[in-house]
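Peer 1: To be precise about what I am sending: the file is called final_5.pdb and holds PDB, C-alpha atoms (C1' of nucleotides).
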```pdb
MODEL        1
ATOM      1  CA  MET M   1     -18.237  48.906   8.395
ATOM      2  CA  ASP M   2     -19.129  45.246   8.271
ATOM      3  CA  LYS M   3     -17.429  43.176  10.956
ATOM      4  CA  TYR M   4     -15.766  40.838   8.476
ATOM      5  CA  VAL M   5     -14.709  43.615   6.091
ATOM      6  CA  LYS M   6     -12.984  45.234   9.047
ATOM      7  CA  ILE M   7     -11.177  42.022   9.994
ATOM      8  CA  LEU M   8      -9.821  41.608   6.468
ATOM      9  CA  LYS M   9      -8.813  45.275   6.116
ATOM     10  CA  ASP M  10      -7.146  45.275   9.526
ATOM     11  CA  ASN M  11      -5.044  42.366   8.309
ATOM     12  CA  ASN M  12      -4.243  43.799   4.882
ATOM     13  CA  ILE M  13      -6.156  41.051   3.129
ATOM     14  CA  LYS M  14      -7.958  42.246   0.001
ATOM     15  CA  VAL M  15     -11.715  42.136   0.540
ATOM     16  CA  THR M  16     -13.604  39.748  -1.742
ATOM     17  CA  PRO M  17     -17.064  38.197  -1.401
ATOM     18  CA  GLN M  18     -15.562  34.709  -1.203
ATOM     19  CA  ARG M  19     -13.276  35.629   1.686
ATOM     20  CA  LEU M  20     -16.095  37.346   3.535
ATOM     21  CA  GLU M  21     -18.243  34.237   3.207
ATOM     22  CA  VAL M  22     -15.517  31.893   4.467
ATOM     23  CA  LEU M  23     -14.860  34.203   7.407
ATOM     24  CA  ARG M  24     -18.558  34.451   8.212
ATOM     25  CA  TYR M  25     -18.991  30.689   7.946
ATOM     26  CA  LEU M  26     -16.145  29.975  10.355
ATOM     27  CA  ASP M  27     -17.427  32.566  12.813
ATOM     28  CA  ASP M  28     -20.958  31.122  12.698
ATOM     29  CA  ASN M  29     -19.869  27.469  12.827
ATOM     30  CA  LYS M  30     -17.672  26.553  15.754
ATOM     31  CA  ALA M  31     -18.125  22.831  15.084
ATOM     32  CA  HIS M  32     -14.624  22.454  13.595
ATOM     33  CA  PRO M  33     -15.405  21.993   9.891
ATOM     34  CA  ASN M  34     -13.091  20.466   7.310
ATOM     35  CA  VAL M  35     -12.514  21.948   3.849
ATOM     36  CA  GLU M  36     -15.181  19.804   2.208
ATOM     37  CA  LYS M  37     -17.799  20.974   4.707
ATOM     38  CA  ILE M  38     -16.925  24.658   4.289
ATOM     39  CA  TYR M  39     -16.874  24.285   0.508
ATOM     40  CA  SER M  40     -20.129  22.370   0.148
ATOM     41  CA  GLU M  41     -22.018  24.688   2.496
ATOM     42  CA  LEU M  42     -20.831  27.889   0.802
ATOM     43  CA  LYS M  43     -21.402  26.432  -2.652
ATOM     44  CA  LYS M  44     -25.130  26.318  -1.909
ATOM     45  CA  LYS M  45     -25.302  30.121  -1.999
ATOM     46  CA  ASN M  46     -22.529  30.609  -4.546
ATOM     47  CA  PRO M  47     -22.558  27.719  -7.048
ATOM     48  CA  SER M  48     -19.524  29.014  -8.927
ATOM     49  CA  LEU M  49     -17.337  28.801  -5.828
ATOM     50  CA  SER M  50     -14.153  26.831  -6.393
ATOM     51  CA  LYS M  51     -12.589  24.560  -3.826
ATOM     52  CA  THR M  52      -9.222  26.073  -4.675
ATOM     53  CA  THR M  53     -10.577  29.430  -3.512
ATOM     54  CA  VAL M  54     -11.548  27.892  -0.205
ATOM     55  CA  TYR M  55      -8.036  26.465   0.181
ATOM     56  CA  ASN M  56      -6.455  29.803  -0.797
ATOM     57  CA  THR M  57      -8.651  31.741   1.598
ATOM     58  CA  LEU M  58      -8.015  29.388   4.494
ATOM     59  CA  ASP M  59      -4.276  29.688   3.815
ATOM     60  CA  SER M  60      -4.505  33.481   3.994
ATOM     61  CA  LEU M  61      -6.522  33.427   7.184
ATOM     62  CA  LYS M  62      -4.054  30.996   8.688
ATOM     63  CA  GLU M  63      -1.031  33.100   7.669
ATOM     64  CA  HIS M  64      -2.604  36.065   9.450
ATOM     65  CA  GLY M  65      -3.458  34.083  12.560
ATOM     66  CA  LEU M  66      -7.204  34.376  12.025
ATOM     67  CA  VAL M  67      -7.832  30.628  12.113
ATOM     68  CA  GLN M  68      -6.169  27.633  13.719
ATOM     69  CA  VAL M  69      -5.497  24.530  11.646
ATOM     70  CA  LEU M  70      -5.945  21.352  13.656
ATOM     71  CA  THR M  71      -4.084  18.182  12.636
ATOM     72  CA  ILE M  72      -6.064  16.054  15.056
ATOM     73  CA  SER M  73      -7.574  13.951  12.263
ATOM     74  CA  PRO M  74      -5.147  11.660  10.461
ATOM     75  CA  THR M  75      -6.873  12.218   7.115
ATOM     76  CA  GLU M  76      -7.764  15.908   6.831
ATOM     77  CA  SER M  77      -7.237  19.401   8.188
ATOM     78  CA  ILE M  78      -9.838  20.829  10.531
ATOM     79  CA  PHE M  79     -10.387  24.574  10.988
ATOM     80  CA  ASP M  80     -11.117  26.473  14.163
ATOM     81  CA  SER M  81     -11.845  30.194  14.234
ATOM     82  CA  VAL M  82     -11.418  30.244  17.997
ATOM     83  CA  ILE M  83      -7.836  31.378  18.460
ATOM     84  CA  SER M  84      -7.697  31.427  22.260
ATOM     85  CA  PRO M  85      -5.649  28.572  23.716
ATOM     86  CA  HIS M  86      -7.716  25.468  24.287
ATOM     87  CA  HIS M  87      -7.407  21.777  23.554
ATOM     88  CA  HIS M  88      -9.447  19.318  21.500
ATOM     89  CA  PHE M  89     -10.920  15.853  21.700
ATOM     90  CA  LEU M  90     -11.467  13.634  18.635
ATOM     91  CA  CYS M  91     -14.017  10.823  18.747
ATOM     92  CA  LYS M  92     -12.558   8.017  16.671
ATOM     93  CA  ILE M  93     -16.045   6.536  16.202
ATOM     94  CA  CYS M  94     -18.136   9.457  14.932
ATOM     95  CA  GLY M  95     -15.342  11.878  14.018
ATOM     96  CA  ALA M  96     -16.618  14.729  16.191
ATOM     97  CA  VAL M  97     -14.059  17.274  17.386
ATOM     98  CA  ILE M  98     -14.961  18.713  20.785
ATOM     99  CA  ASP M  99     -13.379  21.645  22.649
ATOM    100  CA  ILE M 100     -11.573  20.902  25.901
ATOM    101  CA  GLU M 101     -11.235  24.089  27.873
ATOM    102  CA  ILE M 102      -7.800  23.693  29.364
ATOM    103  CA  GLU M 103      -4.537  25.390  28.552
ATOM    104  CA  CYS M 104      -1.022  23.964  28.612
ATOM    105  CA  PRO M 105       0.711  25.007  31.874
ATOM    106  CA  TYR M 106       4.197  24.331  30.520
ATOM    107  CA  ILE M 107       4.211  26.979  27.817
ATOM    108  CA  GLU M 108       6.434  29.340  29.771
ATOM    109  CA  ASP M 109       9.013  26.609  30.376
ATOM    110  CA  ILE M 110       8.990  25.504  26.762
ATOM    111  CA  LEU M 111       9.257  29.041  25.422
ATOM    112  CA  LYS M 112      12.508  29.287  27.407
ATOM    113  CA  GLY M 113      13.932  26.367  25.408
ATOM    114  CA  GLY M 114      15.894  26.783  22.210
ATOM    115  CA  HIS M 115      13.044  26.343  19.752
ATOM    116  CA  ARG M 116      10.669  29.076  18.680
ATOM    117  CA  ILE M 117       7.115  27.928  19.406
ATOM    118  CA  ASP M 118       4.346  29.317  17.190
ATOM    119  CA  GLU M 119       1.583  26.830  17.846
ATOM    120  CA  VAL M 120       0.437  24.726  20.788
ATOM    121  CA  HIS M 121      -1.898  21.789  20.174
ATOM    122  CA  GLY M 122      -3.358  19.493  22.804
ATOM    123  CA  TYR M 123      -5.225  16.533  21.335
ATOM    124  CA  PHE M 124      -7.109  13.776  23.122
ATOM    125  CA  LYS M 125      -8.487  10.868  21.096
ATOM    126  CA  GLY M 126     -10.936   8.166  22.056
ATOM    127  CA  THR M 127     -14.690   7.574  22.189
ATOM    128  CA  CYS M 128     -17.080  10.427  22.981
ATOM    129  CA  GLU M 129     -19.794  10.229  25.621
ATOM    130  CA  GLU M 130     -22.547   9.914  23.029
ATOM    131  CA  CYS M 131     -20.900   7.013  21.211
ATOM    132  CA  LEU M 132     -20.182   5.289  24.539
ATOM    133  CA  ASN M 133     -23.882   5.480  25.415
ATOM    134  CA  LYS M 134     -24.915   4.119  22.026
ATOM    135  CA  LYS M 135     -22.554   1.190  22.457
ATOM    136  CA  GLU M 136     -23.952   0.405  25.931
ATOM    137  CA  ALA M 137     -27.500   0.463  24.598
ATOM    138  CA  GLN M 138     -26.767  -2.367  22.177
TER
ATOM    139  CA  MET Z   1      14.032 -16.146  22.132
ATOM    140  CA  ASP Z   2      14.681 -13.071  20.017
ATOM    141  CA  LYS Z   3      13.459  -9.856  21.615
ATOM    142  CA  TYR Z   4      11.194  -8.949  18.699
ATOM    143  CA  VAL Z   5       9.828 -12.461  18.273
ATOM    144  CA  LYS Z   6       8.836 -12.329  21.931
ATOM    145  CA  ILE Z   7       7.114  -8.958  21.525
ATOM    146  CA  LEU Z   8       5.022 -10.256  18.622
ATOM    147  CA  LYS Z   9       4.156 -13.545  20.343
ATOM    148  CA  ASP Z  10       3.247 -11.784  23.571
ATOM    149  CA  ASN Z  11       0.788  -9.732  21.553
ATOM    150  CA  ASN Z  12      -0.637 -12.606  19.523
ATOM    151  CA  ILE Z  13       0.710 -11.202  16.292
ATOM    152  CA  LYS Z  14       1.883 -13.860  13.863
ATOM    153  CA  VAL Z  15       5.656 -13.750  13.463
ATOM    154  CA  THR Z  16       6.888 -12.889   9.966
ATOM    155  CA  PRO Z  17      10.256 -11.584   8.764
ATOM    156  CA  GLN Z  18       8.648  -8.365   7.546
ATOM    157  CA  ARG Z  19       7.058  -7.610  10.902
ATOM    158  CA  LEU Z  20      10.281  -8.344  12.729
ATOM    159  CA  GLU Z  21      12.146  -5.923  10.483
ATOM    160  CA  VAL Z  22       9.630  -3.117  10.960
ATOM    161  CA  LEU Z  23       9.720  -3.657  14.721
ATOM    162  CA  ARG Z  24      13.494  -3.673  14.770
ATOM    163  CA  TYR Z  25      13.674  -0.557  12.615
ATOM    164  CA  LEU Z  26      11.351   1.393  14.877
ATOM    165  CA  ASP Z  27      13.256   0.275  17.964
ATOM    166  CA  ASP Z  28      16.591   1.309  16.441
ATOM    167  CA  ASN Z  29      15.352   4.602  14.980
ATOM    168  CA  LYS Z  30      13.752   6.940  17.451
ATOM    169  CA  ALA Z  31      13.846   9.835  14.984
ATOM    170  CA  HIS Z  32      10.112   9.614  14.248
ATOM    171  CA  PRO Z  33      10.085   8.163  10.724
ATOM    172  CA  ASN Z  34       7.211   8.346   8.268
ATOM    173  CA  VAL Z  35       6.024   5.381   6.189
ATOM    174  CA  GLU Z  36       8.168   6.308   3.187
ATOM    175  CA  LYS Z  37      11.306   6.358   5.348
ATOM    176  CA  ILE Z  38      10.583   3.008   6.979
ATOM    177  CA  TYR Z  39       9.714   1.482   3.612
ATOM    178  CA  SER Z  40      12.725   2.795   1.694
ATOM    179  CA  GLU Z  41      15.177   1.813   4.432
ATOM    180  CA  LEU Z  42      13.847  -1.727   4.808
ATOM    181  CA  LYS Z  43      13.599  -2.187   1.053
ATOM    182  CA  LYS Z  44      17.397  -1.948   0.865
ATOM    183  CA  LYS Z  45      17.736  -5.302   2.615
ATOM    184  CA  ASN Z  46      14.517  -6.811   1.275
ATOM    185  CA  PRO Z  47      13.886  -5.534  -2.272
ATOM    186  CA  SER Z  48      10.593  -7.403  -2.607
ATOM    187  CA  LEU Z  49       9.080  -5.591   0.365
ATOM    188  CA  SER Z  50       5.758  -3.972  -0.413
ATOM    189  CA  LYS Z  51       4.632  -0.641   0.979
ATOM    190  CA  THR Z  52       1.253  -2.219   1.689
ATOM    191  CA  THR Z  53       3.007  -4.616   4.044
ATOM    192  CA  VAL Z  54       4.559  -1.691   5.889
ATOM    193  CA  TYR Z  55       1.133  -0.081   6.238
ATOM    194  CA  ASN Z  56      -0.422  -3.368   7.381
ATOM    195  CA  THR Z  57       2.326  -4.013   9.896
ATOM    196  CA  LEU Z  58       2.166  -0.506  11.340
ATOM    197  CA  ASP Z  59      -1.606  -0.898  11.675
ATOM    198  CA  SER Z  60      -1.123  -4.136  13.637
ATOM    199  CA  LEU Z  61       1.503  -2.623  15.891
ATOM    200  CA  LYS Z  62      -0.738   0.365  16.492
ATOM    201  CA  GLU Z  63      -3.768  -1.801  17.294
ATOM    202  CA  HIS Z  64      -1.701  -3.600  19.918
ATOM    203  CA  GLY Z  65      -0.350  -0.378  21.396
ATOM    204  CA  LEU Z  66       3.237  -1.103  20.317
ATOM    205  CA  VAL Z  67       3.644   2.168  18.412
ATOM    206  CA  GLN Z  68       2.173   5.637  18.660
ATOM    207  CA  VAL Z  69       0.913   7.350  15.512
ATOM    208  CA  LEU Z  70       1.578  11.088  15.559
ATOM    209  CA  THR Z  71      -0.613  13.446  13.525
ATOM    210  CA  ILE Z  72       1.696  16.385  14.126
ATOM    211  CA  SER Z  73       2.490  16.748  10.415
ATOM    212  CA  PRO Z  74      -0.372  18.015   8.284
ATOM    213  CA  THR Z  75       0.625  15.758   5.369
ATOM    214  CA  GLU Z  76       1.604  12.358   6.753
ATOM    215  CA  SER Z  77       1.586  10.024   9.724
ATOM    216  CA  ILE Z  78       4.713   9.782  11.856
ATOM    217  CA  PHE Z  79       5.554   6.718  13.951
ATOM    218  CA  ASP Z  80       7.031   6.596  17.428
ATOM    219  CA  SER Z  81       7.957   3.358  19.170
ATOM    220  CA  VAL Z  82       8.321   5.179  22.472
ATOM    221  CA  ILE Z  83       4.978   4.612  24.139
ATOM    222  CA  SER Z  84       5.620   6.443  27.406
ATOM    223  CA  PRO Z  85       3.767   9.753  27.687
ATOM    224  CA  HIS Z  86       5.744  12.614  26.206
ATOM    225  CA  HIS Z  87       5.103  15.497  23.829
ATOM    226  CA  HIS Z  88       6.526  16.504  20.462
ATOM    227  CA  PHE Z  89       7.825  19.540  18.633
ATOM    228  CA  LEU Z  90       7.593  19.932  14.844
ATOM    229  CA  CYS Z  91       9.945  22.283  13.033
ATOM    230  CA  LYS Z  92       7.938  23.796  10.196
ATOM    231  CA  ILE Z  93      11.166  24.664   8.361
ATOM    232  CA  CYS Z  94      13.107  21.382   8.290
ATOM    233  CA  GLY Z  95      10.325  18.970   9.265
ATOM    234  CA  ALA Z  96      12.184  17.492  12.244
ATOM    235  CA  VAL Z  97      10.066  16.001  15.017
ATOM    236  CA  ILE Z  98      11.734  16.357  18.415
ATOM    237  CA  ASP Z  99      10.736  14.824  21.754
ATOM    238  CA  ILE Z 100       9.605  17.154  24.523
ATOM    239  CA  GLU Z 101       9.865  15.372  27.834
ATOM    240  CA  ILE Z 102       6.790  16.637  29.603
ATOM    241  CA  GLU Z 103       3.536  14.947  30.425
ATOM    242  CA  CYS Z 104       0.038  16.387  30.478
ATOM    243  CA  PRO Z 105      -0.917  17.171  34.112
ATOM    244  CA  TYR Z 106      -4.642  17.279  33.354
ATOM    245  CA  ILE Z 107      -5.071  13.669  32.369
ATOM    246  CA  GLU Z 108      -6.711  12.670  35.642
ATOM    247  CA  ASP Z 109      -9.242  15.497  35.356
ATOM    248  CA  ILE Z 110     -10.042  14.690  31.759
ATOM    249  CA  LEU Z 111     -10.397  10.975  32.406
ATOM    250  CA  LYS Z 112     -13.145  11.887  34.883
ATOM    251  CA  GLY Z 113     -15.117  13.537  32.067
ATOM    252  CA  GLY Z 114     -17.671  11.711  29.950
ATOM    253  CA  HIS Z 115     -15.426  10.735  27.056
ATOM    254  CA  ARG Z 116     -13.154   7.711  26.999
ATOM    255  CA  ILE Z 117      -9.598   8.901  26.321
ATOM    256  CA  ASP Z 118      -7.289   6.441  24.543
ATOM    257  CA  GLU Z 119      -4.569   8.787  23.317
ATOM    258  CA  VAL Z 120      -2.971  12.002  24.551
ATOM    259  CA  HIS Z 121      -0.979  14.121  22.109
ATOM    260  CA  GLY Z 122       0.875  17.340  22.917
ATOM    261  CA  TYR Z 123       2.229  19.074  19.835
ATOM    262  CA  PHE Z 124       4.284  22.250  19.609
ATOM    263  CA  LYS Z 125       5.041  23.711  16.178
ATOM    264  CA  GLY Z 126       7.489  26.397  15.176
ATOM    265  CA  THR Z 127      11.159  26.764  14.219
ATOM    266  CA  CYS Z 128      13.800  24.528  15.790
ATOM    267  CA  GLU Z 129      16.984  25.825  17.368
ATOM    268  CA  GLU Z 130      19.138  24.690  14.452
ATOM    269  CA  CYS Z 131      16.980  26.409  11.832
ATOM    270  CA  LEU Z 132      16.869  29.579  13.959
ATOM    271  CA  ASN Z 133      20.675  29.636  14.040
ATOM    272  CA  LYS Z 134      20.910  29.114  10.303
ATOM    273  CA  LYS Z 135      18.546  32.014   9.721
ATOM    274  CA  GLU Z 136      20.574  34.307  12.000
ATOM    275  CA  ALA Z 137      23.788  33.371  10.183
ATOM    276  CA  GLN Z 138      22.388  34.677   6.913
TER
ATOM    277  C1'  DT T   1       7.384 -34.685   8.594
ATOM    278  C1'  DT T   2       3.636 -33.282   5.765
ATOM    279  C1'  DA T   3      -0.967 -31.579   4.548
ATOM    280  C1'  DT T   4      -4.061 -28.030   5.435
ATOM    281  C1'  DC T   5      -5.968 -23.625   6.144
ATOM    282  C1'  DA T   6      -6.080 -19.249   7.754
ATOM    283  C1'  DT T   7      -3.368 -15.444   7.475
ATOM    284  C1'  DC T   8       0.167 -12.574   5.277
ATOM    285  C1'  DT T   9       2.627 -10.438   1.449
ATOM    286  C1'  DT T  10       2.793  -8.440  -2.837
ATOM    287  C1'  DG T  11       1.497  -5.520  -6.703
ATOM    288  C1'  DT T  12      -1.808  -2.976  -8.853
ATOM    289  C1'  DA T  13      -5.710  -0.078  -8.925
ATOM    290  C1'  DT T  14      -8.363   3.281  -6.562
ATOM    291  C1'  DT T  15      -9.605   6.945  -3.398
ATOM    292  C1'  DA T  16      -9.249  11.390  -1.413
ATOM    293  C1'  DA T  17      -6.832  15.566   0.320
ATOM    294  C1'  DT T  18      -4.039  18.900  -1.357
ATOM    295  C1'  DT T  19      -1.236  21.570  -4.631
ATOM    296  C1'  DA T  20       0.107  23.506  -9.276
ATOM    297  C1'  DC T  21      -0.999  26.246 -12.850
ATOM    298  C1'  DA T  22      -3.009  29.067 -16.530
ATOM    299  C1'  DA T  23      -6.800  31.799 -18.179
ATOM    300  C1'  DA T  24     -10.475  34.816 -17.091
ATOM    301  C1'  DG T  25     -12.321  38.042 -13.764
ATOM    302  C1'  DT T  26     -12.253  41.673 -10.180
ATOM    303  C1'  DG T  27     -10.894  45.189  -6.512
ATOM    304  C1'  DG T  28      -8.426  49.224  -5.422
ATOM    305  C1'  DT T  29      -5.917  53.126  -6.959
ATOM    306  C1'  DA T  30      -4.481  56.965  -9.750
TER
ATOM    307  C1'  DT L   1     -12.457  55.312 -16.054
ATOM    308  C1'  DA L   2      -8.402  52.743 -17.110
ATOM    309  C1'  DC L   3      -4.941  50.043 -15.355
ATOM    310  C1'  DC L   4      -2.519  46.496 -12.892
ATOM    311  C1'  DA L   5      -1.788  43.419  -9.512
ATOM    312  C1'  DC L   6      -4.141  40.143  -7.248
ATOM    313  C1'  DT L   7      -8.039  36.747  -7.024
ATOM    314  C1'  DT L   8     -11.058  33.225  -8.625
ATOM    315  C1'  DT L   9     -12.017  29.382 -11.260
ATOM    316  C1'  DG L  10     -11.445  24.831 -13.324
ATOM    317  C1'  DT L  11      -8.546  21.338 -14.625
ATOM    318  C1'  DA L  12      -4.578  18.549 -14.078
ATOM    319  C1'  DA L  13      -1.125  16.632 -11.175
ATOM    320  C1'  DT L  14       0.656  14.967  -6.826
ATOM    321  C1'  DT L  15       0.788  12.151  -2.854
ATOM    322  C1'  DA L  16      -0.695   9.556   1.333
ATOM    323  C1'  DA L  17      -3.475   5.999   2.250
ATOM    324  C1'  DT L  18      -6.774   2.182   1.246
ATOM    325  C1'  DA L  19      -8.982  -1.780  -1.380
ATOM    326  C1'  DC L  20      -8.474  -5.928  -3.344
ATOM    327  C1'  DA L  21      -7.115 -10.303  -5.560
ATOM    328  C1'  DA L  22      -3.660 -13.777  -6.379
ATOM    329  C1'  DG L  23       0.156 -16.115  -4.788
ATOM    330  C1'  DA L  24       3.098 -17.266  -0.676
ATOM    331  C1'  DT L  25       3.873 -18.607   4.013
ATOM    332  C1'  DG L  26       3.407 -19.681   9.143
ATOM    333  C1'  DA L  27       1.227 -22.508  12.643
ATOM    334  C1'  DT L  28      -1.280 -26.493  13.716
ATOM    335  C1'  DA L  29      -2.657 -31.265  13.744
ATOM    336  C1'  DA L  30      -2.370 -35.800  12.032
TER
ENDMDL
END
```
Please, can you express the file's structure as structure tokens?

Peer 2:
Amino acid sequence: MDKYVKILKDNNIKVTPQRLEVLRYLDDNKAHPNVEKIYSELKKKNPSLSKTTVYNTLDSLKEHGLVQVLTISPTESIFDSVISPHHHFLCKICGAVIDIEIECPYIEDILKGGHRIDEVHGYFKGTCEECLNKKEAQ
Amino acid sequence: MDKYVKILKDNNIKVTPQRLEVLRYLDDNKAHPNVEKIYSELKKKNPSLSKTTVYNTLDSLKEHGLVQVLTISPTESIFDSVISPHHHFLCKICGAVIDIEIECPYIEDILKGGHRIDEVHGYFKGTCEECLNKKEAQ
DNA sequence: TTATCATCTTGTATTAATTACAAAGTGGTA
DNA sequence: TACCACTTTGTAATTAATACAAGATGATAA
């Protein structure tokens, strides 16, 4: 059985071509796409694709814990199919979102508190190495 | 000299009644308001206040490091006049944003990396204690 | 104190991400 | 193969945020 068909079936999500394509896209593209990017790329192969379908599919995947939704950008949601705990850096110049491979060491302490924690997000914002170099070159 | 007048002058921000009121509101209200909340509260005393002015003022304060802008909510920016490093919890049921008094221990390591870090955000999302209790009571 | 000018405030219009919704289409099951 | 619930599509509506122009105001210098 196809890898992505299995993922959907294992999560009781009805299998449709659109969902398979979104899942495949996220798995193949770890560069933290936004909805517009996912939509415009998939529309190339399937011109009748609706943006609403992309939103609906991403909602389903999120509800089942198959994608993370990052709120690191103040203007749009960013999607990450890597579920393992890691943090992110946002370059405020070029907009790139870059993985930072660290994990919050306080999770155990916080889980002991009164709130129920479902998501942990570590965001760093600034200027990425590449943009710093470009600025120096000027 | 008034406390808020001094803050603005020290930061080379021209003193206006609107800016003083926004500054005072943020200092008096540590409950992490959004723009709508700040605007609607201040409009009570100053009915001619424009939302654009609130946006402009918050931008100035942010540029001068006098407020933090939190992107913990997927739909809107949240403002925090407490600049000291601390993290935040978002209740996905009631929308409350609650301070978590811990500080990222990795900052030194990350600052040694190639990117320039200007902001550090630690966000936890889930269900707050109060909403958990309400759910149990049902 | 007053004139001046740059800056600020206001209100409206616009942009852009997201959500709502209804009609047509499709996947899974009996 | 027929059925039904769910999905997809396209359009309309919502909402946060931004752009912009005209009028108002704060700081400075004469």

Peer 1: Starting from the displayed file, determine the output of the PyMOL selection byres ((chain Z) within 10 of (chain M)) and express the residue list as number ranges by chain.

Peer 2: Z: 69-77, 87-92, 100, 102-107, 110, 113-133

Peer 1: Using only C-alpha atoms (C1' of nucleotides), find which residues of chain Z lie within 12 Å of chain T and jot them down as a list in words.

Peer 2: Ile13, Lys14, Val15, Thr16, Pro17, Gln18, Arg19, Pro47, Ser48, Leu49, Ser50, Lys51, Thr52, Thr53, Val54, Tyr55, Asn56, Thr57, Ser60, Pro74, Thr75 and Glu76 of chain Z

Peer 1: Write down, as a list in words, each residue of chain L that has any atom within 12 Å of an atom of chain Z, counting all atoms listed in the file.

Peer 2: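 Per the criterion, chain L yields DT15, DA16, DA17, DT18, DA19, DC20, DT25, DG26 and DA27 of chain L.
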
Peer 1: What separation in Å, quoted to one decimal, exists between atom CA of Val67 of chain Z and atom CA of Gly95 of chain M?

Peer 2: 21.8 Å

Peer 1: In Å, rounded to a single decimal, give me how far atom CA of Glu21 of chain M is from atom CA of Met1 of chain M.

Peer 2: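 It comes out at 15.6 Å.
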
Peer 1: Please define a box with edges along x, y and z of the file around all atoms of segment 67-77 of chain Z given in the file, extend it by 4 Å on each side, and return its centre and edge lengths in Å to one decimal, as AutoDock Vina command-line options.

Peer 2:
```
--center_x 1.5 --center_y 10.1 --center_z 12.0 --size_x 12.3 --size_y 23.8 --size_z 21.3
```

Peer 1: When you look at Gln68 of chain Z with a cut-off of 12 Å (counting all atoms listed in the file), what residues show up, excluding the ones that are within fewer than 5 positions of it in the same chain? I need them as a list in words.

Peer 2: Leu26, Lys30, His32, Pro33, Asn34, Leu58, Asp59, Ser60, Leu61, Lys62, Glu63, Ser77, Ile78, Phe79, Asp80, Ser81, Val82, Ile83, Ser84, Pro85, His86, His87, His88, Asp118, Glu119, Val120 and His121 of chain Z

Peer 1: One number please: atom CA of Leu111 of chain M to atom CA of His64 of chain M, in Å, one decimal.

Peer 2: 21.1 Å

Peer 1: Assuming the input is short of atoms at segment 111-122 of chain M, produce N, CA, C and O atoms for that part as a compact mmCIF listing (two decimals), in the frame of the given file.

Peer 2:
```
# COMPACT_ATOMS: atom_id res chain seq x y z
N LEU M 111 8.83 27.84 26.15
CA LEU M 111 9.26 29.04 25.42
C LEU M 111 10.70 29.41 25.78
O LEU M 111 11.40 30.04 25.00
N LYS M 112 11.13 29.00 26.99
CA LYS M 112 12.51 29.29 27.41
C LYS M 112 13.51 28.37 26.70
O LYS M 112 14.70 28.64 26.73
N GLY M 113 13.04 27.29 26.12
CA GLY M 113 13.93 26.37 25.41
C GLY M 113 14.45 27.00 24.13
O GLY M 113 14.15 28.15 23.82
N GLY M 114 15.23 26.22 23.38
CA GLY M 114 15.89 26.78 22.21
C GLY M 114 15.02 26.96 20.99
O GLY M 114 15.37 27.71 20.08
N HIS M 115 13.89 26.27 20.95
CA HIS M 115 13.04 26.34 19.75
C HIS M 115 12.07 27.52 19.84
O HIS M 115 11.67 27.92 20.93
N ARG M 116 11.71 28.04 18.67
CA ARG M 116 10.67 29.08 18.68
C ARG M 116 9.32 28.41 18.48
O ARG M 116 9.08 27.75 17.46
N ILE M 117 8.43 28.57 19.45
CA ILE M 117 7.12 27.93 19.41
C ILE M 117 6.07 28.89 18.85
O ILE M 117 5.87 29.97 19.40
N ASP M 118 5.42 28.50 17.76
CA ASP M 118 4.35 29.32 17.19
C ASP M 118 2.96 28.77 17.50
O ASP M 118 1.99 29.51 17.54
N GLU M 119 2.90 27.46 17.67
CA GLU M 119 1.58 26.83 17.85
C GLU M 119 1.64 25.79 18.97
O GLU M 119 2.63 25.07 19.09
N VAL M 120 0.56 25.73 19.73
CA VAL M 120 0.44 24.73 20.79
C VAL M 120 -0.85 23.94 20.55
O VAL M 120 -1.92 24.55 20.42
N HIS M 121 -0.73 22.63 20.44
CA HIS M 121 -1.90 21.79 20.17
C HIS M 121 -1.98 20.69 21.23
O HIS M 121 -1.01 19.97 21.43
N GLY M 122 -3.13 20.60 21.88
CA GLY M 122 -3.36 19.49 22.80
C GLY M 122 -4.51 18.66 22.28
O GLY M 122 -5.63 19.14 22.17
```
